[in-house]
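Shown next: upload-v2.pdb, containing PDB, C-alpha atoms.
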ATOM      1  CA  MET A   1      81.802  55.586 124.031
ATOM      2  CA  ASP A   2      80.259  57.191 120.947
ATOM      3  CA  LEU A   3      82.314  60.347 120.600
ATOM      4  CA  GLN A   4      80.585  61.358 117.388
ATOM      5  CA  GLN A   5      77.161  61.245 119.015
ATOM      6  CA  ARG A   6      78.421  63.260 121.976
ATOM      7  CA  PHE A   7      79.865  65.862 119.609
ATOM      8  CA  THR A   8      76.641  65.947 117.587
ATOM      9  CA  ASP A   9      74.542  66.411 120.703
ATOM     10  CA  THR A  10      76.754  69.278 121.861
ATOM     11  CA  CYS A  11      76.687  71.025 118.489
ATOM     12  CA  SER A  12      72.921  70.562 118.161
ATOM     13  CA  ARG A  13      72.402  73.169 120.866
ATOM     14  CA  PHE A  14      73.524  75.781 118.346
ATOM     15  CA  THR A  15      72.551  74.486 114.911
ATOM     16  CA  ASP A  16      70.348  71.943 113.168
ATOM     17  CA  LYS A  17      72.639  71.764 110.133
ATOM     18  CA  ALA A  18      73.572  68.084 110.126
ATOM     19  CA  ALA A  19      76.019  68.470 107.240
ATOM     20  CA  LEU A  20      77.938  71.156 109.128
ATOM     21  CA  ILE A  21      78.115  69.064 112.291
ATOM     22  CA  ASP A  22      79.239  66.020 110.315
ATOM     23  CA  SER A  23      81.971  67.994 108.588
ATOM     24  CA  LEU A  24      83.236  69.383 111.899
ATOM     25  CA  TRP A  25      83.261  65.906 113.400
ATOM     26  CA  SER A  26      85.103  64.434 110.401
ATOM     27  CA  GLU A  27      87.742  67.089 110.846
ATOM     28  CA  ILE A  28      88.191  66.245 114.530
ATOM     29  CA  GLU A  29      88.327  62.522 113.782
ATOM     30  CA  GLU A  30      90.951  63.083 111.105
ATOM     31  CA  LYS A  31      93.096  65.308 113.327
ATOM     32  CA  TYR A  32      93.108  62.928 116.283
ATOM     33  CA  SER A  33      93.841  59.952 114.005
ATOM     34  CA  GLU A  34      96.960  61.476 112.470
ATOM     35  CA  LYS A  35     100.040  59.316 112.157
ATOM     36  CA  GLY A  36     102.256  59.718 115.182
ATOM     37  CA  ARG A  37      99.457  60.255 117.692
ATOM     38  CA  HIS A  38     100.157  57.397 120.063
ATOM     39  CA  TYR A  39      98.590  59.039 123.116
ATOM     40  CA  HIS A  40      96.890  62.300 122.070
ATOM     41  CA  ASN A  41      94.261  60.507 120.013
ATOM     42  CA  LEU A  42      90.554  59.666 120.122
ATOM     43  CA  HIS A  43      91.134  57.269 123.006
ATOM     44  CA  HIS A  44      92.489  60.196 125.017
ATOM     45  CA  LEU A  45      89.235  62.095 124.401
ATOM     46  CA  GLU A  46      87.215  59.078 125.555
ATOM     47  CA  HIS A  47      89.303  58.898 128.721
ATOM     48  CA  LEU A  48      88.696  62.575 129.489
ATOM     49  CA  PHE A  49      84.949  62.236 129.073
ATOM     50  CA  ILE A  50      84.862  59.190 131.348
ATOM     51  CA  GLU A  51      86.676  61.166 134.035
ATOM     52  CA  LEU A  52      84.496  64.260 133.588
ATOM     53  CA  ASP A  53      81.299  62.213 133.613
ATOM     54  CA  SER A  54      82.220  61.144 137.150
ATOM     55  CA  VAL A  55      81.889  64.783 138.291
ATOM     56  CA  LYS A  56      79.274  65.975 135.817
ATOM     57  CA  GLU A  57      76.955  67.219 138.564
ATOM     58  CA  LYS A  58      79.709  69.629 139.624
ATOM     59  CA  VAL A  59      80.415  71.078 136.155
ATOM     60  CA  ARG A  60      78.617  74.377 135.609
ATOM     61  CA  ASN A  61      78.965  74.695 131.851
ATOM     62  CA  PRO A  62      79.197  71.183 130.365
ATOM     63  CA  THR A  63      78.768  72.515 126.830
ATOM     64  CA  ALA A  64      81.926  74.610 127.015
ATOM     65  CA  VAL A  65      83.861  71.828 128.721
ATOM     66  CA  SER A  66      82.770  69.322 126.067
ATOM     67  CA  PHE A  67      83.950  71.568 123.258
ATOM     68  CA  SER A  68      87.207  72.129 125.135
ATOM     69  CA  VAL A  69      87.788  68.383 125.342
ATOM     70  CA  PHE A  70      87.160  67.887 121.640
ATOM     71  CA  TYR A  71      89.446  70.711 120.575
ATOM     72  CA  HIS A  72      92.142  70.936 123.255
ATOM     73  CA  ASP A  73      94.647  68.762 121.347
ATOM     74  CA  VAL A  74      93.232  69.151 117.850
ATOM     75  CA  ILE A  75      96.571  70.648 116.780
ATOM     76  CA  TYR A  76      99.409  68.494 118.051
ATOM     77  CA  ASP A  77     103.002  68.716 116.874
ATOM     78  CA  ALA A  78     105.683  67.378 119.209
ATOM     79  CA  THR A  79     108.158  69.927 117.841
ATOM     80  CA  SER A  80     105.909  72.937 118.458
ATOM     81  CA  LYS A  81     105.558  75.055 121.601
ATOM     82  CA  SER A  82     102.313  76.678 120.471
ATOM     83  CA  ASN A  83      99.943  73.735 120.113
ATOM     84  CA  GLU A  84      97.517  75.097 122.674
ATOM     85  CA  GLU A  85      97.354  78.526 121.087
ATOM     86  CA  LYS A  86      96.815  76.970 117.661
ATOM     87  CA  SER A  87      94.192  74.572 119.035
ATOM     88  CA  ALA A  88      92.322  77.434 120.714
ATOM     89  CA  ALA A  89      92.316  79.454 117.496
ATOM     90  CA  PHE A  90      91.172  76.399 115.562
ATOM     91  CA  ALA A  91      88.328  75.830 118.030
ATOM     92  CA  LEU A  92      87.156  79.438 117.808
ATOM     93  CA  SER A  93      87.050  79.323 114.022
ATOM     94  CA  ARG A  94      84.952  76.145 114.068
ATOM     95  CA  LEU A  95      82.630  77.174 116.881
ATOM     96  CA  GLY A  96      82.097  80.423 114.984
ATOM     97  CA  LYS A  97      80.533  78.358 112.214
ATOM     98  CA  LEU A  98      78.067  77.015 114.768
ATOM     99  CA  CYS A  99      77.227  80.581 115.846
ATOM    100  CA  ALA A 100      78.114  79.682 119.428
ATOM    101  CA  ASP A 101      77.657  82.599 121.804
ATOM    102  CA  ALA A 102      80.551  84.774 122.958
ATOM    103  CA  ASP A 103      80.581  83.289 126.462
ATOM    104  CA  ILE A 104      81.097  79.775 125.092
ATOM    105  CA  LEU A 105      83.863  80.988 122.797
ATOM    106  CA  ARG A 106      85.673  82.740 125.626
ATOM    107  CA  LYS A 107      85.392  79.790 128.001
ATOM    108  CA  VAL A 108      86.577  77.260 125.430
ATOM    109  CA  SER A 109      89.535  79.406 124.436
ATOM    110  CA  ASP A 110      90.533  80.008 128.064
ATOM    111  CA  GLN A 111      90.203  76.326 128.942
ATOM    112  CA  ILE A 112      92.283  75.119 126.011
ATOM    113  CA  LEU A 113      95.005  77.667 126.759
ATOM    114  CA  ALA A 114      95.000  76.544 130.404
ATOM    115  CA  THR A 115      96.116  73.055 129.331
ATOM    116  CA  LYS A 116      99.482  74.512 128.322
ATOM    117  CA  LEU A 117     100.826  74.990 131.864
ATOM    118  CA  HIS A 118      98.186  73.291 134.026
ATOM    119  CA  HIS A 119      98.291  76.028 136.633
ATOM    120  CA  PRO A 120      95.347  76.514 139.028
ATOM    121  CA  SER A 121      92.848  78.534 137.018
ATOM    122  CA  GLY A 122      90.458  79.968 139.581
ATOM    123  CA  ASP A 123      87.613  78.485 137.529
ATOM    124  CA  ARG A 124      86.090  75.232 138.724
ATOM    125  CA  ASP A 125      85.132  73.893 135.289
ATOM    126  CA  THR A 126      88.621  74.573 133.962
ATOM    127  CA  ASP A 127      90.180  72.847 136.958
ATOM    128  CA  TYR A 128      88.044  69.760 136.360
ATOM    129  CA  LEU A 129      89.177  69.719 132.728
ATOM    130  CA  LEU A 130      92.828  70.064 133.753
ATOM    131  CA  ASP A 131      92.514  67.315 136.346
ATOM    132  CA  ALA A 132      90.834  64.971 133.873
ATOM    133  CA  ASP A 133      93.650  65.685 131.417
ATOM    134  CA  LEU A 134      96.241  64.690 134.038
ATOM    135  CA  SER A 135      94.329  61.775 135.570
ATOM    136  CA  VAL A 136      96.461  59.227 133.680
ATOM    137  CA  LEU A 137      99.298  60.208 136.025
ATOM    138  CA  GLY A 138      97.426  58.592 138.900
ATOM    139  CA  LYS A 139      96.404  55.371 137.180
ATOM    140  CA  SER A 140      97.840  51.915 137.836
ATOM    141  CA  THR A 141     101.546  51.350 137.308
ATOM    142  CA  GLN A 142     100.800  49.333 134.174
ATOM    143  CA  THR A 143      98.574  52.046 132.678
ATOM    144  CA  TYR A 144     101.064  54.771 133.553
ATOM    145  CA  THR A 145     103.952  52.829 132.038
ATOM    146  CA  GLU A 146     102.022  52.376 128.807
ATOM    147  CA  TYR A 147     101.269  56.107 128.798
ATOM    148  CA  THR A 148     104.991  56.920 129.114
ATOM    149  CA  ARG A 149     105.749  54.601 126.183
ATOM    150  CA  GLN A 150     103.130  56.308 124.052
ATOM    151  CA  ILE A 151     104.461  59.762 124.903
ATOM    152  CA  ARG A 152     107.991  58.652 124.078
ATOM    153  CA  LYS A 153     106.782  57.471 120.663
ATOM    154  CA  GLU A 154     105.193  60.851 120.024
ATOM    155  CA  TYR A 155     108.556  62.458 120.718
ATOM    156  CA  ALA A 156     110.494  59.875 118.712
ATOM    157  CA  ILE A 157     112.090  62.656 116.680
ATOM    158  CA  TYR A 158     114.212  63.502 119.731
ATOM    159  CA  PRO A 159     117.112  61.242 120.810
ATOM    160  CA  ASP A 160     117.277  60.136 124.441
ATOM    161  CA  PHE A 161     119.946  62.679 125.387
ATOM    162  CA  LEU A 162     117.478  65.445 124.497
ATOM    163  CA  TYR A 163     114.231  63.774 125.505
ATOM    164  CA  ARG A 164     115.181  62.567 128.965
ATOM    165  CA  PRO A 165     116.221  65.927 130.472
ATOM    166  CA  GLY A 166     113.105  67.582 129.058
ATOM    167  CA  ARG A 167     110.844  64.842 130.342
ATOM    168  CA  LYS A 168     112.492  64.909 133.758
ATOM    169  CA  LYS A 169     111.962  68.658 133.969
ATOM    170  CA  VAL A 170     108.236  68.139 133.360
ATOM    171  CA  LEU A 171     108.054  65.446 136.050
ATOM    172  CA  GLN A 172     109.917  67.584 138.557
ATOM    173  CA  HIS A 173     107.568  70.481 137.867
ATOM    174  CA  PHE A 174     104.580  68.393 138.908
ATOM    175  CA  LEU A 175     106.377  66.831 141.878
ATOM    176  CA  ALA A 176     107.379  70.277 143.150
ATOM    177  CA  SER A 177     103.766  71.451 143.102
ATOM    178  CA  GLU A 178     101.883  71.494 146.386
ATOM    179  CA  HIS A 179      99.121  69.580 144.628
ATOM    180  CA  ILE A 180      99.166  67.928 141.211
ATOM    181  CA  PHE A 181      95.387  67.942 141.063
ATOM    182  CA  LYS A 182      93.339  71.058 141.633
ATOM    183  CA  THR A 183      89.993  69.633 142.734
ATOM    184  CA  GLU A 184      89.237  67.628 145.849
ATOM    185  CA  GLU A 185      87.666  64.787 143.873
ATOM    186  CA  PHE A 186      90.665  64.158 141.646
ATOM    187  CA  ARG A 187      93.145  64.835 144.413
ATOM    188  CA  ARG A 188      91.510  62.221 146.615
ATOM    189  CA  ARG A 189      91.363  59.751 143.745
ATOM    190  CA  TYR A 190      94.776  60.163 142.118
ATOM    191  CA  GLU A 191      97.247  62.387 144.011
ATOM    192  CA  VAL A 192      99.124  59.716 145.979
ATOM    193  CA  LYS A 193      99.487  57.277 143.082
ATOM    194  CA  ALA A 194     100.442  60.069 140.673
ATOM    195  CA  ARG A 195     103.361  61.087 142.878
ATOM    196  CA  GLU A 196     104.489  57.458 143.110
ATOM    197  CA  ASN A 197     104.354  57.083 139.323
ATOM    198  CA  LEU A 198     106.149  60.354 138.663
ATOM    199  CA  MET A 199     108.895  59.564 141.164
ATOM    200  CA  ALA A 200     109.392  56.099 139.697
ATOM    201  CA  GLU A 201     109.692  57.431 136.158
ATOM    202  CA  SER A 202     111.979  60.257 137.227
ATOM    203  CA  GLU A 203     114.369  57.795 138.874
ATOM    204  CA  LEU A 204     114.579  55.820 135.630
ATOM    205  CA  LEU A 205     115.494  58.821 133.484
TER
END
I need this file expressed as structure tokens, please.
Amino acid sequence: MDLQQRFTDTCSRFTDKAALIDSLWSEIEEKYSEKGRHYHNLHHLEHLFIELDSVKEKVRNPTAVSFSVFYHDVIYDATSKSNEEKSAAFALSRLGKLCADADILRKVSDQILATKLHHPSGDRDTDYLLDADLSVLGKSTQTYTEYTRQIRKEYAIYPDFLYRPGRKKVLQHFLASEHIFKTEEFRRRYEVKARENLMAESELL
């Protein structure tokens, strides 16, 4: 998948300044390629777009959702509890350079902030974004196991006696939810396997 071309196409709806678009893309590429990003990297963005493309006819504002994908993890620090807020602010400052309209800015900010807790949003586009973000939970056992290894590497600063209780709390949060996925499409596709994966990991912690 050509992420740069997708980003360029999305930005081109607001500006024809190629140098500006290129600079914004270079910034995104640099952020998602930072040392220590074993999961929250450019491959993660590709994965989200693949999942969202499968429901693209259902997405009402694909421009906003695309920007939300590109910027939702642009700021990522495993020791910080405000990555989403910082990412949303970062996105707004960059989209402001594109002169994106106020509705786009509001939607992108809201969608990025929604990835913090992954609660039902009441907005269909946001729910599709959240489900795509969590779809790795419902992948094959092999894919899920690799995902858990990558996440553990991102949190390598924390010893096991701190990491494991925190990780287990996250898993239990999802398992206690009536539904992990908010949309029918993703629920049908991934809900059962996601619960199996989460239970298996939880038992190992």
Could you please give me, as a list in words, the residues of protein, DNA or RNA lying at most 12 Å from (81.3, 63.7, 139.8) in the coordinate frame of the file, considering only C-alpha atoms? Phe49, Ile50, Glu51, Leu52, Asp53, Ser54, Val55, Lys56, Glu57, Lys58, Val59, Arg60, Asp125, Tyr128, Ala132, Thr183, Glu184, Glu185, Phe186 and Arg189 of chain A
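Atom CA of Phe181 of chain A sits 19.7 Å away from atom CA of Asp73 of chain A.
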Top pick for closest residue to Leu129 of chain A, considering A:Leu171, A:Val69, A:Met199, A:Leu24 and counting only C-alpha atoms: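 Of all the options, A:Val69 lies closest to Leu129 of chain A.
Distance-wise, atom CA of Gln5 of chain A and atom CA of Ser26 of chain A end up 12.1 Å apart.
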Decode the PyMOL selection byres ((chain A and resi 109) around 8) for the given file into explicit residues and return them as an mmCIF file with C-alpha atoms, in the coordinates of the input.
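Contents of part-v2.cif, as written:
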data_model
loop_
_atom_site.group_PDB
_atom_site.id
_atom_site.type_symbol
_atom_site.label_atom_id
_atom_site.label_comp_id
_atom_site.auth_asym_id
_atom_site.auth_seq_id
_atom_site.Cartn_x
_atom_site.Cartn_y
_atom_site.Cartn_z
ATOM 1 C CA SER A 68 87.207 72.129 125.135
ATOM 2 C CA ALA A 88 92.322 77.434 120.714
ATOM 3 C CA ALA A 89 92.316 79.454 117.496
ATOM 4 C CA ALA A 91 88.328 75.830 118.030
ATOM 5 C CA LEU A 92 87.156 79.438 117.808
ATOM 6 C CA LEU A 105 83.863 80.988 122.797
ATOM 7 C CA ARG A 106 85.673 82.740 125.626
ATOM 8 C CA LYS A 107 85.392 79.790 128.001
ATOM 9 C CA VAL A 108 86.577 77.260 125.430
ATOM 10 C CA ASP A 110 90.533 80.008 128.064
ATOM 11 C CA GLN A 111 90.203 76.326 128.942
ATOM 12 C CA ILE A 112 92.283 75.119 126.011
ATOM 13 C CA LEU A 113 95.005 77.667 126.759
#
Output check: residues returned by the PyMOL selection byres ((chain A and resi 147-154) around 8), as a list in words: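 The output of the PyMOL selection byres ((chain A and resi 147-154) around 8) on this file is Gly36, Arg37, His38, Tyr39, Ala78, Val136, Thr143, Tyr144, Thr145, Glu146, Tyr155, Ala156 and Ile157 of chain A.
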Can you list, as an MDAnalysis selection string, every protein, DNA or RNA residue that comes within 8 Å of Thr15 of chain A when you count all atoms listed in the file, leaving out same-chain residues fewer than 2 positions away? chainID A and resid 11:13 17 98:99
Would you work out the distance separating atom CA of His118 of chain A from atom CA of Asp77 of chain A, expressed in Å to one decimal?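 So the two atoms, atom CA of His118 of chain A and atom CA of Asp77 of chain A, lie 18.4 Å apart.
For the residues A:Thr63, A:Lys116, A:Leu48, A:Lys97, ranking by smallest atom-to-atom distance to Glu85 of chain A using only C-alpha atoms places A:Lys116 first.
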What box, with edges along x, y and z, holds each listed atom of segment 14-20 of chain A when 4 Å is added on every side, and can you state its centre and edge lengths in Å to one decimal, as lines of an AutoDock Vina configuration file?
center_x = 74.1
center_y = 71.9
center_z = 112.8
size_x = 15.6
size_y = 15.7
size_z = 19.1
Selection result of the PyMOL selection byres ((chain A and resi 193) around 10) on this file, as a list in words: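 Applied to this file, the PyMOL selection byres ((chain A and resi 193) around 10) returns Leu137, Gly138, Lys139, Ser140, Thr141, Tyr144, Arg187, Arg189, Tyr190, Glu191, Val192, Ala194, Arg195, Glu196, Asn197, Leu198 and Met199 of chain A.
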I need the chosen residues saved as a short mmCIF file (atom, residue, chain, number, x, y, z; two decimals), in the coordinates of the input, with C-alpha atoms.
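Written out: result_23.cif:
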data_model
loop_
_atom_site.label_atom_id
_atom_site.label_comp_id
_atom_site.auth_asym_id
_atom_site.auth_seq_id
_atom_site.Cartn_x
_atom_site.Cartn_y
_atom_site.Cartn_z
CA LEU A 137 99.30 60.21 136.02
CA GLY A 138 97.43 58.59 138.90
CA LYS A 139 96.40 55.37 137.18
CA SER A 140 97.84 51.92 137.84
CA THR A 141 101.55 51.35 137.31
CA TYR A 144 101.06 54.77 133.55
CA ARG A 187 93.14 64.83 144.41
CA ARG A 189 91.36 59.75 143.74
CA TYR A 190 94.78 60.16 142.12
CA GLU A 191 97.25 62.39 144.01
CA VAL A 192 99.12 59.72 145.98
CA ALA A 194 100.44 60.07 140.67
CA ARG A 195 103.36 61.09 142.88
CA GLU A 196 104.49 57.46 143.11
CA ASN A 197 104.35 57.08 139.32
CA LEU A 198 106.15 60.35 138.66
CA MET A 199 108.90 59.56 141.16
#
Which one of A:Leu20, A:Ser202, A:Ala176, A:Thr115 sits closest to Glu84 of chain A if you count all atoms listed in the file? A:Thr115
Given only C-alpha atoms as the basis, pick out the residue of A:Ile75, A:Leu175, A:Ala64, A:Ile180 nearest to Ala102 of chain A. A:Ala64
Using all atoms listed in the file, which of A:Asp160, A:Asp123, A:Glu30, A:Asp131 sits nearest Leu205 of chain A? A:Asp160
Counting only C-alpha atoms, the residue among A:Thr126, A:Gln4, A:Ser121, A:Gln172 that lies closest to Leu42 of chain A is A:Gln4
